[in-house]
Every structure is written in C-alpha cells, then in structure tokens.
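Coordinates from protein_15.cif are shown below (mmCIF, C-alpha atoms).
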data_query
#
loop_
_atom_site.label_atom_id
_atom_site.label_comp_id
_atom_site.auth_asym_id
_atom_site.auth_seq_id
_atom_site.Cartn_x
_atom_site.Cartn_y
_atom_site.Cartn_z
CA MET A 1 45.86 -6.63 -7.09
CA LYS A 2 44.94 -2.97 -6.68
CA THR A 3 41.66 -3.38 -8.55
CA LEU A 4 40.84 -6.45 -6.52
CA LEU A 5 41.44 -4.53 -3.32
CA LEU A 6 39.36 -1.61 -4.58
CA SER A 7 36.46 -3.84 -5.56
CA LEU A 8 36.67 -5.54 -2.18
CA ILE A 9 36.45 -2.18 -0.43
CA MET A 10 33.56 -1.14 -2.67
CA SER A 11 31.61 -4.32 -2.04
CA THR A 12 32.15 -3.94 1.72
CA LEU A 13 30.82 -0.42 1.49
CA VAL A 14 27.77 -1.63 -0.44
CA MET A 15 27.22 -4.43 2.10
CA SER A 16 27.39 -1.96 4.91
CA GLN A 17 24.35 0.01 3.60
CA THR A 18 21.58 -0.56 6.13
CA THR A 19 18.14 -1.58 4.96
CA VAL A 20 15.51 0.44 6.80
CA ALA A 21 12.40 -1.00 5.17
CA ARG A 22 11.08 -3.13 2.35
CA MET A 23 8.51 -1.81 -0.10
CA TYR A 24 6.90 -2.76 -3.41
CA PHE A 25 7.08 -1.02 -6.77
CA LYS A 26 3.47 -0.17 -7.63
CA ASP A 27 3.47 1.07 -11.25
CA PHE A 28 3.26 -1.19 -14.28
CA MET A 29 6.97 -0.72 -15.09
CA GLY A 30 9.70 1.64 -13.97
CA HIS A 31 13.40 2.27 -13.51
CA VAL A 32 16.00 2.50 -10.79
CA HIS A 33 18.01 5.65 -11.55
CA LYS A 34 21.65 6.36 -10.92
CA THR A 35 20.87 9.79 -9.42
CA PRO A 36 17.58 11.26 -8.14
CA SER A 37 16.42 12.49 -11.54
CA THR A 38 14.34 10.88 -14.31
CA ASP A 39 16.94 12.20 -16.77
CA SER A 40 19.72 10.16 -15.15
CA SER A 41 20.63 6.80 -16.60
CA SER A 42 18.66 3.69 -15.69
CA LEU A 43 20.47 1.04 -13.65
CA THR A 44 17.73 -1.54 -14.04
CA ALA A 45 14.07 -1.82 -14.94
CA VAL A 46 11.54 -2.88 -12.30
CA GLN A 47 8.09 -4.36 -12.66
CA CYS A 48 4.98 -3.96 -10.54
CA ALA A 49 5.11 -5.81 -7.18
CA PHE A 50 8.91 -5.98 -7.31
CA LYS A 51 10.36 -5.99 -3.77
CA VAL A 52 12.61 -3.01 -3.10
CA LYS A 53 14.96 -2.54 -0.15
CA ILE A 54 14.90 0.99 1.22
CA LEU A 55 18.37 2.10 2.23
CA LYS A 56 19.48 4.72 4.68
CA SER A 57 21.24 7.49 2.84
CA LYS A 58 24.16 9.37 4.34
CA ASP A 59 23.32 12.51 2.38
CA SER A 60 19.96 14.21 2.54
CA ILE A 61 17.92 13.47 -0.57
CA ASP A 62 14.88 15.05 -2.17
CA PRO A 63 11.78 13.47 -0.51
CA MET A 64 10.38 12.92 -4.01
CA TRP A 65 13.05 10.22 -4.35
CA THR A 66 13.90 7.11 -2.31
CA TYR A 67 17.33 5.51 -2.02
CA VAL A 68 16.91 1.83 -2.82
CA LYS A 69 18.56 -1.47 -3.54
CA VAL A 70 17.05 -3.71 -6.20
CA GLY A 71 18.94 -6.95 -6.74
CA GLU A 72 22.57 -5.83 -6.89
CA ASP A 73 21.76 -2.30 -8.06
CA ILE A 74 21.70 0.65 -5.71
CA GLY A 75 20.01 3.83 -6.90
CA PHE A 76 16.91 5.97 -6.73
CA ILE A 77 13.20 5.41 -7.37
CA GLU A 78 10.51 8.10 -7.29
CA THR A 79 8.83 7.84 -3.86
CA SER A 80 5.32 8.08 -5.35
CA ARG A 81 5.92 4.79 -7.17
CA LEU A 82 6.48 2.79 -3.98
CA THR A 83 3.98 1.23 -1.59
CA SER A 84 4.26 -0.79 1.60
CA ASN A 85 1.41 -3.16 0.67
CA ARG A 86 1.68 -5.65 -2.16
CA PRO A 87 -0.06 -3.96 -5.13
CA ASN A 88 -2.69 -5.55 -7.34
CA CYS A 89 -0.80 -5.42 -10.64
CA PHE A 90 -2.06 -5.47 -14.23
CA GLN A 91 0.48 -8.23 -14.94
CA GLY A 92 -1.04 -10.45 -12.28
CA LYS A 93 -4.67 -9.61 -12.93
CA TYR A 94 -4.49 -10.28 -16.65
CA GLN A 95 -1.68 -12.82 -16.73
CA GLU A 96 -2.61 -14.57 -19.96
CA TYR A 97 -3.12 -11.29 -21.84
CA TYR A 98 0.12 -9.85 -20.47
CA ASN A 99 2.13 -12.97 -21.34
CA SER A 100 0.79 -12.90 -24.88
CA LEU A 101 2.36 -9.45 -25.40
CA ASN A 102 5.74 -11.18 -25.36
CA LEU A 103 7.52 -8.01 -24.27
CA ASP A 104 11.22 -7.80 -25.10
CA LEU A 105 13.88 -5.74 -23.29
CA THR A 106 13.25 -2.65 -25.43
CA ASP A 107 9.52 -2.79 -24.71
CA LEU A 108 10.20 -3.13 -20.98
CA TYR A 109 12.63 -0.22 -21.06
CA TYR A 110 10.18 2.12 -22.83
CA LEU A 111 7.14 0.98 -20.83
CA GLY A 112 9.15 1.86 -17.74
CA LYS A 113 10.04 5.25 -19.17
CA ILE A 114 6.53 6.26 -20.25
CA ASN A 115 5.18 7.23 -16.83
CA GLU A 116 8.34 9.22 -16.14
CA GLN A 117 7.82 11.24 -19.31
CA PHE A 118 4.21 12.12 -18.57
CA VAL A 119 3.22 15.21 -16.65
CA SER A 120 -0.08 14.34 -15.00
CA LYS A 121 -2.71 16.51 -13.30
CA GLU A 122 -6.41 16.48 -12.46
CA SER A 123 -8.87 19.35 -12.68
CA LYS A 124 -10.86 19.94 -9.50
CA SER A 125 -13.80 22.06 -8.43
CA ARG A 126 -12.77 25.51 -7.22
CA MET B 1 -9.66 -81.46 41.04
CA LYS B 2 -7.25 -78.65 41.50
CA ALA B 3 -6.94 -78.26 37.71
CA LEU B 4 -10.73 -78.17 37.30
CA PHE B 5 -10.97 -75.43 39.91
CA ILE B 6 -8.34 -73.30 38.16
CA LEU B 7 -10.14 -73.77 34.81
CA ILE B 8 -13.49 -72.59 36.27
CA ILE B 9 -11.88 -69.49 37.78
CA THR B 10 -10.10 -68.62 34.51
CA ILE B 11 -13.31 -68.98 32.43
CA SER B 12 -15.31 -66.79 34.83
CA ALA B 13 -12.56 -64.17 34.84
CA LEU B 14 -12.42 -64.13 31.03
CA SER B 15 -16.19 -63.76 30.70
CA GLN B 16 -16.17 -60.83 33.15
CA ASP B 17 -13.37 -59.18 31.23
CA LYS B 18 -15.35 -59.54 27.98
CA ARG B 19 -18.44 -57.93 29.56
CA PHE B 20 -16.32 -55.07 30.84
CA GLN B 21 -14.83 -54.60 27.32
CA GLU B 22 -18.34 -54.47 25.77
CA GLN B 23 -19.45 -51.91 28.34
CA LYS B 24 -16.37 -49.85 27.58
CA GLU B 25 -17.05 -49.97 23.81
CA ASP B 26 -20.64 -48.88 24.35
CA ALA B 27 -19.39 -45.94 26.29
CA VAL B 28 -17.00 -45.03 23.41
CA ILE B 29 -19.69 -45.32 20.76
CA ASP B 30 -22.01 -43.01 22.67
CA TYR B 31 -21.29 -39.81 20.72
CA SER B 32 -24.18 -37.85 22.08
CA SER B 33 -22.23 -36.91 25.16
CA ILE B 34 -19.38 -35.56 23.01
CA ARG B 35 -21.80 -33.65 20.79
CA THR B 36 -23.33 -31.89 23.75
CA LEU B 37 -19.88 -31.14 25.02
CA LEU B 38 -18.91 -29.69 21.60
CA LYS B 39 -22.07 -27.62 21.54
CA LYS B 40 -21.29 -26.31 24.98
CA ASP B 41 -17.72 -25.41 23.97
CA GLY B 42 -18.84 -23.80 20.68
CA LEU B 43 -16.28 -25.91 18.82
CA GLY B 44 -18.86 -26.99 16.23
CA GLU B 45 -19.61 -23.37 15.44
CA ILE B 46 -15.92 -22.61 15.04
CA GLN B 47 -15.54 -25.57 12.72
CA ARG B 48 -18.53 -24.45 10.62
CA SER B 49 -17.19 -20.89 10.27
CA LYS B 50 -13.75 -22.26 9.37
CA GLU B 51 -15.32 -24.43 6.67
CA GLN B 52 -17.25 -21.44 5.34
CA LYS B 53 -14.10 -19.32 5.27
CA LEU B 54 -12.27 -22.04 3.41
CA LYS B 55 -15.11 -22.32 0.90
CA SER B 56 -15.12 -18.57 0.25
CA LEU B 57 -11.32 -18.56 -0.07
CA ILE B 58 -11.48 -21.36 -2.63
CA SER B 59 -14.17 -19.59 -4.65
CA GLU B 60 -12.20 -16.29 -4.47
CA LYS B 61 -9.09 -18.09 -5.72
CA LYS B 62 -11.10 -19.63 -8.54
CA LYS B 63 -12.43 -16.17 -9.50
CA ILE B 64 -8.91 -14.67 -9.57
CA GLU B 65 -7.60 -17.57 -11.62
CA LYS B 66 -10.51 -17.21 -14.03
CA LYS B 67 -9.87 -13.45 -14.34
CA ARG B 68 -6.26 -14.15 -15.25
CA SER B 69 -7.50 -15.54 -18.54
CA PHE B 70 -9.59 -12.44 -19.25
CA TYR B 71 -8.88 -9.38 -21.39
CA PRO B 72 -8.37 -6.19 -19.36
CA SER B 73 -11.67 -4.58 -18.42
CA LYS B 74 -13.07 -1.52 -20.24
CA ASP B 75 -11.76 0.62 -17.37
CA GLU B 76 -8.19 -0.53 -17.92
CA PHE B 77 -7.83 -1.60 -21.54
CA PHE B 78 -7.27 1.64 -23.45
CA SER B 79 -4.94 3.26 -20.95
CA PHE B 80 -2.73 0.19 -21.16
CA PHE B 81 -2.93 -0.22 -24.92
CA SER B 82 -2.26 3.47 -25.67
CA LYS B 83 0.88 3.29 -23.52
CA TYR B 84 1.84 0.06 -25.28
CA TRP B 85 1.45 1.85 -28.63
CA LEU B 86 3.61 4.73 -27.32
CA SER B 87 6.32 2.26 -26.29
CA LYS B 88 6.24 0.64 -29.74
CA ASN B 89 6.52 4.08 -31.39
CA ALA B 90 9.18 5.50 -29.05
CA SER B 91 11.91 5.84 -31.66
CA LEU B 92 9.55 7.38 -34.22
CA LEU B 93 7.97 9.85 -31.81
CA ARG B 94 11.22 10.57 -29.98
CA TRP B 95 9.59 11.15 -26.61
CA ASP B 96 12.45 9.78 -24.51
CA PHE B 97 14.50 12.93 -24.12
CA PRO B 98 15.35 15.18 -21.16
CA LYS B 99 12.89 18.03 -20.88
CA PRO B 100 11.95 20.67 -18.35
CA ASP B 101 8.44 21.02 -16.97
CA TYR B 102 6.99 23.49 -19.48
CA GLY B 103 4.11 24.29 -17.14
CA ILE B 104 1.62 23.11 -19.75
CA ALA B 105 -0.17 20.63 -17.45
CA SER B 106 -0.62 23.18 -14.64
CA HIS B 107 -2.01 25.78 -17.05
CA PHE B 108 -4.33 23.27 -18.70
CA LYS B 109 -5.64 22.16 -15.28
CA GLU B 110 -6.50 25.80 -14.42
CA PHE B 111 -7.98 26.33 -17.88
CA LEU B 112 -10.30 23.32 -17.47
CA GLU B 113 -11.38 24.50 -14.03
CA LYS B 114 -12.06 27.98 -15.44
CA ILE B 115 -14.45 26.64 -18.09
CA GLY B 116 -16.07 24.22 -15.63
CA LEU B 117 -14.58 20.92 -16.75
CA ILE B 118 -13.71 19.26 -13.45
CA GLU B 119 -12.50 15.83 -12.38
CA ARG B 120 -10.56 15.28 -15.58
CA LYS B 121 -7.36 13.33 -15.07
CA PHE B 122 -4.84 13.87 -17.82
CA SER B 123 -1.26 13.05 -18.75
CA ILE B 124 0.73 15.07 -21.27
CA MET B 125 3.77 13.78 -23.12
CA VAL B 126 5.91 16.16 -25.15
CA ILE B 127 7.41 14.52 -28.24
CA ASN B 128 10.37 15.73 -30.26
CA THR B 129 9.06 15.30 -33.80
CA PRO B 130 6.78 17.26 -36.15
CA GLU B 131 5.41 13.92 -37.46
CA ILE B 132 2.43 14.19 -35.09
CA THR B 133 1.51 17.72 -34.04
CA HIS B 134 -0.90 16.85 -31.24
CA PHE B 135 -3.18 13.93 -30.48
CA ALA B 136 -5.26 12.49 -27.66
CA LEU B 137 -5.12 8.74 -27.22
CA PRO B 138 -8.00 6.78 -25.71
CA SER B 139 -7.61 6.03 -22.02
CA ASN B 140 -9.63 4.93 -19.00
CA PRO B 141 -13.01 6.65 -18.48
CA GLY B 142 -12.46 10.22 -17.26
CA GLU B 143 -8.75 10.05 -18.14
CA TYR B 144 -6.85 11.48 -21.09
CA ILE B 145 -3.45 10.85 -22.66
CA PHE B 146 -2.13 13.73 -24.79
CA ILE B 147 0.90 13.86 -27.01
CA LEU B 148 2.19 17.24 -28.06
CA SER B 149 4.97 18.09 -30.52
CA LEU B 150 7.74 20.36 -29.30
CA PRO B 151 8.76 21.44 -32.86
CA PHE B 152 5.09 22.29 -33.57
CA MET B 153 4.83 24.40 -30.41
CA LYS B 154 8.08 26.16 -31.28
CA SER B 155 7.14 26.75 -34.95
CA LEU B 156 3.96 28.51 -33.90
CA ASP B 157 5.45 30.09 -30.78
CA LEU B 158 2.40 28.87 -28.91
CA SER B 159 1.42 30.40 -25.58
CA LYS B 160 0.18 28.17 -22.72
CA GLU B 161 -3.36 29.32 -23.48
CA ASP B 162 -2.96 28.35 -27.16
CA ILE B 163 -1.77 24.91 -26.08
CA SER B 164 -4.69 24.56 -23.66
CA LEU B 165 -7.09 25.33 -26.51
CA ILE B 166 -5.48 22.63 -28.67
CA LEU B 167 -5.66 20.14 -25.80
CA LEU B 168 -9.32 21.01 -25.18
CA GLU B 169 -10.13 20.19 -28.83
CA ASP B 170 -8.37 16.84 -28.40
CA MET B 171 -10.18 16.20 -25.13
CA LEU B 172 -13.56 16.75 -26.80
CA ARG B 173 -12.60 14.26 -29.53
CA ILE B 174 -12.00 11.65 -26.82
CA ASP B 175 -15.29 12.55 -25.08
CA GLU B 176 -17.05 11.95 -28.39
CA LYS B 177 -15.20 8.61 -28.67
CA LEU B 178 -14.06 9.58 -32.17
CA PHE B 179 -10.88 7.50 -31.87
CA GLU B 180 -12.68 4.35 -30.73
CA LYS B 181 -15.33 4.79 -33.45
CA ALA B 182 -12.59 5.07 -36.08
CA ILE B 183 -11.07 1.70 -35.13
CA GLU B 184 -11.99 -0.73 -37.88
CA MET B 185 -12.08 -3.90 -35.84
CA LYS B 186 -14.53 -5.37 -33.37
CA LEU B 187 -13.69 -4.37 -29.81
CA ASP B 188 -16.28 -6.54 -28.09
CA PHE B 189 -13.48 -8.78 -26.80
CA ILE B 190 -12.50 -6.13 -24.22
CA GLY B 191 -13.28 -7.38 -20.71
CA GLY B 192 -14.28 -10.82 -22.02
CA GLN B 193 -12.69 -14.21 -21.56
CA ILE B 194 -9.73 -15.06 -23.77
CA LYS B 195 -10.71 -17.85 -26.10
CA LYS B 196 -7.85 -17.41 -28.57
CA SER B 197 -4.52 -19.18 -28.86
CA ARG B 198 -1.31 -17.27 -28.00
CA GLU B 199 -0.63 -16.73 -31.75
CA GLU B 200 -4.15 -15.46 -32.43
CA LEU B 201 -3.85 -13.07 -29.48
CA GLN B 202 -0.56 -11.73 -30.80
CA ALA B 203 -2.15 -11.20 -34.21
CA GLN B 204 -4.94 -9.27 -32.48
CA HIS B 205 -2.41 -7.00 -30.70
CA LYS B 206 -0.67 -6.32 -34.02
CA LYS B 207 -3.95 -5.50 -35.73
CA LEU B 208 -4.93 -3.02 -33.04
CA LEU B 209 -1.47 -1.40 -33.13
CA LYS B 210 -1.90 -0.98 -36.90
CA GLU B 211 -5.30 0.61 -36.34
CA TYR B 212 -3.70 3.12 -33.96
CA ASP B 213 -1.04 3.85 -36.65
CA ARG B 214 -3.68 4.29 -39.34
CA ILE B 215 -5.81 6.68 -37.27
CA ILE B 216 -2.94 8.75 -35.86
CA TYR B 217 -0.65 8.95 -38.89
CA LYS B 218 -3.14 8.77 -41.79
CA ARG B 219 -6.85 8.96 -41.11
CA GLY B 220 -7.23 11.65 -38.49
CA PHE B 221 -10.75 13.07 -38.43
CA ASP B 222 -13.27 13.86 -41.16
CA PHE B 223 -15.09 17.13 -41.87
CA GLY B 224 -18.25 16.02 -40.06
CA GLU B 225 -16.30 15.17 -36.92
CA GLN B 226 -14.33 18.41 -37.13
CA PHE B 227 -17.50 20.43 -37.54
CA SER B 228 -19.10 18.94 -34.41
CA ILE B 229 -15.90 19.49 -32.37
CA THR B 230 -15.58 23.09 -33.58
CA LYS B 231 -19.19 23.79 -32.62
CA LYS B 232 -18.58 22.28 -29.18
CA MET B 233 -15.49 24.48 -28.75
CA ASP B 234 -17.65 27.45 -29.72
CA ALA B 235 -20.18 26.58 -27.00
CA TYR B 236 -17.51 26.11 -24.32
CA LEU B 237 -15.56 29.28 -25.16
CA LYS B 238 -18.31 31.77 -26.05
CA PRO B 239 -19.01 32.76 -22.43
CA ASP B 240 -15.48 34.21 -22.32
CA PRO B 241 -15.05 36.42 -25.41
CA MET B 242 -11.33 36.83 -24.69
CA ILE B 243 -10.63 33.08 -24.87
CA TRP B 244 -12.98 32.73 -27.83
CA SER B 245 -11.10 35.37 -29.84
CA ASN B 246 -7.80 33.72 -28.84
CA TYR B 247 -9.15 30.48 -30.31
CA ILE B 248 -9.88 32.23 -33.64
CA LYS B 249 -6.37 33.75 -33.57
CA LEU B 250 -4.88 30.30 -32.91
CA LEU B 251 -6.76 28.76 -35.84
CA ASN B 252 -5.49 31.56 -38.08
CA LYS B 253 -1.92 30.89 -36.90
CA ILE B 254 -2.22 27.17 -37.62
CA ASN B 255 -3.84 27.87 -40.99
CA LYS B 256 -0.88 30.04 -42.01
CA LEU B 257 1.67 27.50 -40.80
CA VAL B 258 0.18 24.50 -42.59
CA LYS B 259 -0.07 26.46 -45.83
CA ASN B 260 3.51 27.71 -45.73
CA ASN B 261 5.55 25.05 -43.95
CA ASN B 262 6.12 21.74 -45.72
CA LEU B 263 6.78 19.98 -42.42
CA TYR B 264 3.11 20.38 -41.55
CA LYS B 265 1.46 19.77 -44.91
CA LYS B 266 -0.19 16.62 -43.47
CA TYR B 267 -1.99 18.66 -40.79
CA ASN B 268 -5.04 19.45 -42.94
CA LYS B 269 -5.52 15.76 -43.61
CA ILE B 270 -5.54 14.88 -39.91
CA TYR B 271 -7.53 17.91 -38.74
CA PRO B 272 -9.52 19.31 -41.69
CA SER B 273 -9.17 22.18 -41.75
CA PRO B 274 -8.29 25.34 -39.75
CA GLN B 275 -9.64 27.45 -42.60
CA MET B 276 -13.01 25.68 -42.48
CA GLN B 277 -13.07 25.87 -38.68
CA ILE B 278 -12.69 29.67 -38.84
CA LYS B 279 -15.55 29.75 -41.33
CA TRP B 280 -17.77 27.59 -39.10
CA LEU B 281 -17.07 29.87 -36.15
CA SER B 282 -17.65 33.14 -38.00
CA PRO B 283 -21.04 34.75 -37.51
CA GLU B 284 -23.29 34.21 -40.54
CA LYS B 285 -23.65 37.25 -42.75
CA LYS B 286 -27.23 38.38 -43.13
CA VAL B 287 -28.40 38.69 -46.76
CA LEU B 288 -30.47 41.81 -47.22
#
Have the structure of the file written as structure tokens, please.
Amino acid sequence: MKTLLLSLIMSTLVMSQTTVARMYFKDFMGHVHKTPSTDSSSLTAVQCAFKVKILKSKDSIDPMWTYVKVGEDIGFIETSRLTSNRPNCFQGKYQEYYNSLNLDLTDLYYLGKINEQFVSKESKSR
Amino acid sequence: MKALFILIITISALSQDKRFQEQKEDAVIDYSSIRTLLKKDGLGEIQRSKEQKLKSLISEKKKIEKKRSFYPSKDEFFSFFSKYWLSKNASLLRWDFPKPDYGIASHFKEFLEKIGLIERKFSIMVINTPEITHFALPSNPGEYIFILSLPFMKSLDLSKEDISLILLEDMLRIDEKLFEKAIEMKLDFIGGQIKKSREELQAQHKKLLKEYDRIIYKRGFDFGEQFSITKKMDAYLKPDPMIWSNYIKLLNKINKLVKNNNLYKKYNKIYPSPQMQIKWLSPEKKVL
C-alpha cells in the first residue's frame, strides 16, 4: 500500500514537470544521462531526429546540459546535441546502408557513447 | 376545336423552350470568355506555378528516395565507418571509462596553429589499453580521429608537447592516405548505388572491419612509409629547433621503451622503427 502510494506521488510529480519546448536530437546516436555528466549512467539511448521534450528545471543547471524527457525517462542531454529544426540524419539519408548494419543494443549503446568520449577541436588561423 | 388549339399552343411553347435550351448550351460551351477571365485574374499563372512546384517536389522526393539506396558519400563514409569500428572494438580498446580532460586537444590545437596547420578538425579518444599505442583513423576530408593509449602515455611520462608530436605524425599519415592505401579491398563502391543484397552488404561490412583490424593491430606502416613521414616531420619542425630537438628526444624515449618493455614489443612492427627514424633525422656525417 505504501509503495503504491509512493509511486503514485512520484508519477504525479513527474506529470507535473512542465514542457517548455520540443527539440530534436541531432547526433547519430546519444544518451539521456541520469545527472548532467557524461560519466553518469545512461537512462536510455537516443537516435538522430528523436523528439525530445525540454523540461523546466527547479534547480539551476549547467547551460552545457538540458533537462529533458524522452519517452518515460527524465534526465539530461548535452545542449550542443539538440536542435530546434528536424536534422538531416545519416540514418535517413542512407537508409538501406544503415539498415544493413543490423545494429544490436550493444552497438547502439557504444555508438551513442563514442561522441561523448571524444574531445574535439579545430585549429584556426591566428 | 378547343383541343386542337391547346395542342398548337403546347407545341409552339415546347419548340421555344428547346431553342432557349440550345442557346443556353452554346453560352456554356463558349470557354473563351472564361479563359479571358482567368487570364485577367491570373489564376492560370497560379495553376501553372503550382504544377511546377508539384513537379519539382516529386522529382526532389524521387532523388531522396534514390539516395536512400546509396552508400554514404566520400565526405561521410570514413568518419562513420571508423566510429563503427570503434564501437565494435569497445571492449578490446576499453575506451568507455570516466576520464578527465587531459588538455591534450587544446594543446594540440595550439601546436597545429603554431606550425601553420590550420582548419584541421580533430577528435581525440583516450583508450585504456597498451594494445594500441596511438593511431589515426580515416575520417571525412579535413577531419581526423585519433586514439591514444593512457598506459602508453603514462609509461613514457609524455608531456603535452610529446603527445602533440605523436599526433602530428599520425595526422601526416592520414594526409598521405596511408590507411586507405593499405586497405586490401576495392573501395569504389563508396558514394555509389547499392546493388548488393542485404547479406552481401553485411559481408562487405565485415570484410572492411577485418581490414581495419589487420591494419591497426598487425600491419601498421612499412619502412618506406615511415621514412616519408619522418622526412615530412623534419620539414615541419626544423624551423623551430626547440620542437625539433624535442622530437628527437621523444623518439629516443620511445626507442628505449619498446626495447625494454614487453608490453610494447609490437610497436616496432606497427611503426618501424624509432631507431631508424632517429638515424633518418640525424645530419649526414661528411666523409673526408
């Protein structure tokens, strides 16, 4: 009874989160994290062009991260990986090639992790 | 008499009605008046532009659908496939671990700018195995994917400048397309239309993954390739004697490590050899 009540309260709390915008995930693959850090555990993997609900957070969060809801999961996605316009994804552009890769859950997990593990820069003229 | 009179009136009324109907039909069939009206309103023009728009939309859709059955273009293929290879080798390379920002990328960016190599996009991944010490994977034109071993960096106690020198060597190998040239399978399918069955395509992916394995874990680079890269390094670094001498020091460090540490005995096979590189860089002794 207690657990039922607790879960009811929790779900009401989750329902009460207000959606402030809707955006798309723009990288090939990625993850929704439990806390605003790439080292935190992944709640779910997301693919390019996946619709993401942007939630209003009570606490102030690092602008590098966005508080989101994807399906039933609520967590954090790196802000740089989100866009307001529907992206032109590799998966869509090369559908037959992508389908032939027959990616399993492990592949999807690691493909989502790769971009988080890279440190990227570009040299410019001084 | 009365009946005859009614009959005559009815017939004349019917004939008049028929004439009126014919006149009405003529008026309906006369399209010219409508055409002029349409011209005046510009409705015809609107219709024509709508038809043209529809045509272009249909052809655009056809193009997109056709592209869906294409291999990724040259500008996208290698970046994708190198990342795919990394995902398939995740457990072996052990790259999925929490790590701080070592500041390698920022230093390398400044280093490239210092020696005049600009507009180079690069991504560095630190791996937690000595199995591969360092390697650059092919990527999109003007882009580089580097993998760098944390145990290797620690064993040599490498400075950021040492690491930048190693990355520059790897970058030059990519510029020379040494990786792509070492792939022993035809790559002319890239950017073309897919004419293979799903099974044949999957076999092709497997073959290319194996080629990556062979080059990265076994083949590496030959003496000729190493010689040309070392000479290029010489040309890039000579204007700054300080960096140039650091490069010689680095090669000496690596040479010592690979001779004394069993973990890195494969190094000379992949990058032959630090000892030879030092020799190639040393000024020739004049014979009197």
Could you list, with a cut-off of 10 Å and counting all atoms listed in the file, the residues of chain A near chain B, each shown with its nearest atom pair and the distance in Å rounded to one decimal, rows sorted by chain and ascending number, as CSV?
residue,atom,partner,partner_atom,distance
A:Phe28,CA,B:Phe80,CA,9.2
A:Thr38,CA,B:Pro98,CA,8.2
A:Asp39,CA,B:Pro98,CA,5.5
A:Ser40,CA,B:Pro98,CA,9.0
A:Phe90,CA,B:Pro72,CA,8.2
A:Gln91,CA,B:Arg68,CA,9.0
A:Gly92,CA,B:Arg68,CA,7.1
A:Lys93,CA,B:Arg68,CA,5.3
A:Tyr94,CA,B:Arg68,CA,4.5
A:Gln95,CA,B:Arg68,CA,5.0
A:Glu96,CA,B:Ser69,CA,5.2
A:Tyr97,CA,B:Tyr71,CA,6.1
A:Tyr98,CA,B:Tyr71,CA,9.1
A:Asn99,CA,B:Arg198,CA,8.6
A:Ser100,CA,B:Arg198,CA,5.8
A:Leu101,CA,B:Gln202,CA,6.5
A:Asn102,CA,B:Gln202,CA,8.3
A:Leu103,CA,B:Tyr84,CA,9.9
A:Thr106,CA,B:Ser87,CA,8.5
A:Asp107,CA,B:Ser87,CA,6.2
A:Leu108,CA,B:Ser87,CA,8.5
A:Tyr109,CA,B:Ser87,CA,8.6
A:Tyr110,CA,B:Ser87,CA,5.2
A:Leu111,CA,B:Ser87,CA,5.7
A:Gly112,CA,B:Ser87,CA,9.0
A:Lys113,CA,B:Asp96,CA,7.4
A:Ile114,CA,B:Lys83,CA,7.2
A:Asn115,CA,B:Lys83,CA,8.9
A:Glu116,CA,B:Asp96,CA,9.3
A:Gln117,CA,B:Met125,CA,6.1
A:Phe118,CA,B:Met125,CA,4.9
A:Val119,CA,B:Ile124,CA,5.3
A:Ser120,CA,B:Ser123,CA,4.1
A:Lys121,CA,B:Phe122,CA,5.7
A:Glu122,CA,B:Lys121,CA,4.2
A:Ser123,CA,B:Ile118,CA,4.9
A:Lys124,CA,B:Ile118,CA,4.9
A:Ser125,CA,B:Ile118,CA,5.7
A:Arg126,CA,B:Glu113,CA,7.0
- Query: What is the distance between CA of Ser273 (chain B) and CA of Leu178 (chain B), in Å to one decimal?
  - Reply: 16.6 Å
- Message: What's the separation between CA of Leu172 (chain B) and CA of Gln226 (chain B), in Å to one decimal place?
- Response: 10.5 Å
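The interatomic distance for the pair CA of Asp234 (chain B) and CA of Pro130 (chain B) works out to 27.2 Å.
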- Go through the shown structure with the PyMOL selection byres ((chain A and resi 21) around 7) and write out the matching residues as a PyMOL selection string. chain A and resi 19-20+22-23+53-54
- For the structure provided, state which residues fall under the PyMOL selection byres ((chain A and resi 78) around 6), and present them as number ranges by chain. A: 64-65, 77, 79-81
- Exactly which residues make up the result of the PyMOL selection byres ((chain B and resi 164) around 8) on this file, given as a PyMOL selection string? chain B and resi 104+107-108+111+160-163+165-168
- Task: Could you tell me which of B:Gly192, B:Pro151, B:Pro283, B:Gly220 comes closest to Lys269 (chain B) if we count only C-alpha atoms?
- Result: B:Gly220
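Residue nearest Asp213 (chain B) within the list B:Ser139, B:Ser82, B:Asn246, B:Ser228: B:Ser82 [criterion: smallest interatomic distance, all atoms listed in the file].
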Only N, CA and C atoms, as a short mmCIF file (atom, residue, chain, number, x, y, z; two decimals), in the first residue's frame: that is what I want for region 246-258 of chain B.
data_model
loop_
_atom_site.label_atom_id
_atom_site.label_comp_id
_atom_site.auth_asym_id
_atom_site.auth_seq_id
_atom_site.Cartn_x
_atom_site.Cartn_y
_atom_site.Cartn_z
N ASN B 246 63.05 18.33 -29.38
CA ASN B 246 62.10 17.58 -28.54
C ASN B 246 61.61 16.32 -29.26
N TYR B 247 61.46 16.44 -30.57
CA TYR B 247 61.03 15.29 -31.38
C TYR B 247 62.08 14.18 -31.32
N ILE B 248 63.36 14.57 -31.45
CA ILE B 248 64.45 13.57 -31.37
C ILE B 248 64.45 12.93 -29.97
N LYS B 249 64.26 13.75 -28.95
CA LYS B 249 64.22 13.22 -27.57
C LYS B 249 63.08 12.23 -27.41
N LEU B 250 61.93 12.58 -27.99
CA LEU B 250 60.74 11.70 -27.90
C LEU B 250 61.03 10.35 -28.57
N LEU B 251 61.64 10.41 -29.76
CA LEU B 251 61.93 9.15 -30.47
C LEU B 251 62.90 8.29 -29.66
N ASN B 252 63.84 8.94 -28.99
CA ASN B 252 64.78 8.20 -28.13
C ASN B 252 64.04 7.53 -26.97
N LYS B 253 63.09 8.28 -26.39
CA LYS B 253 62.29 7.74 -25.27
C LYS B 253 61.51 6.50 -25.72
N ILE B 254 60.87 6.64 -26.88
CA ILE B 254 60.05 5.51 -27.38
C ILE B 254 60.95 4.32 -27.70
N ASN B 255 62.11 4.62 -28.30
CA ASN B 255 63.05 3.56 -28.66
C ASN B 255 63.46 2.75 -27.42
N LYS B 256 63.73 3.46 -26.34
CA LYS B 256 64.12 2.79 -25.08
C LYS B 256 62.97 1.93 -24.56
N LEU B 257 61.78 2.51 -24.58
CA LEU B 257 60.61 1.81 -24.03
C LEU B 257 60.33 0.51 -24.79
N VAL B 258 60.31 0.60 -26.11
CA VAL B 258 59.94 -0.60 -26.89
C VAL B 258 61.00 -1.70 -26.83
#
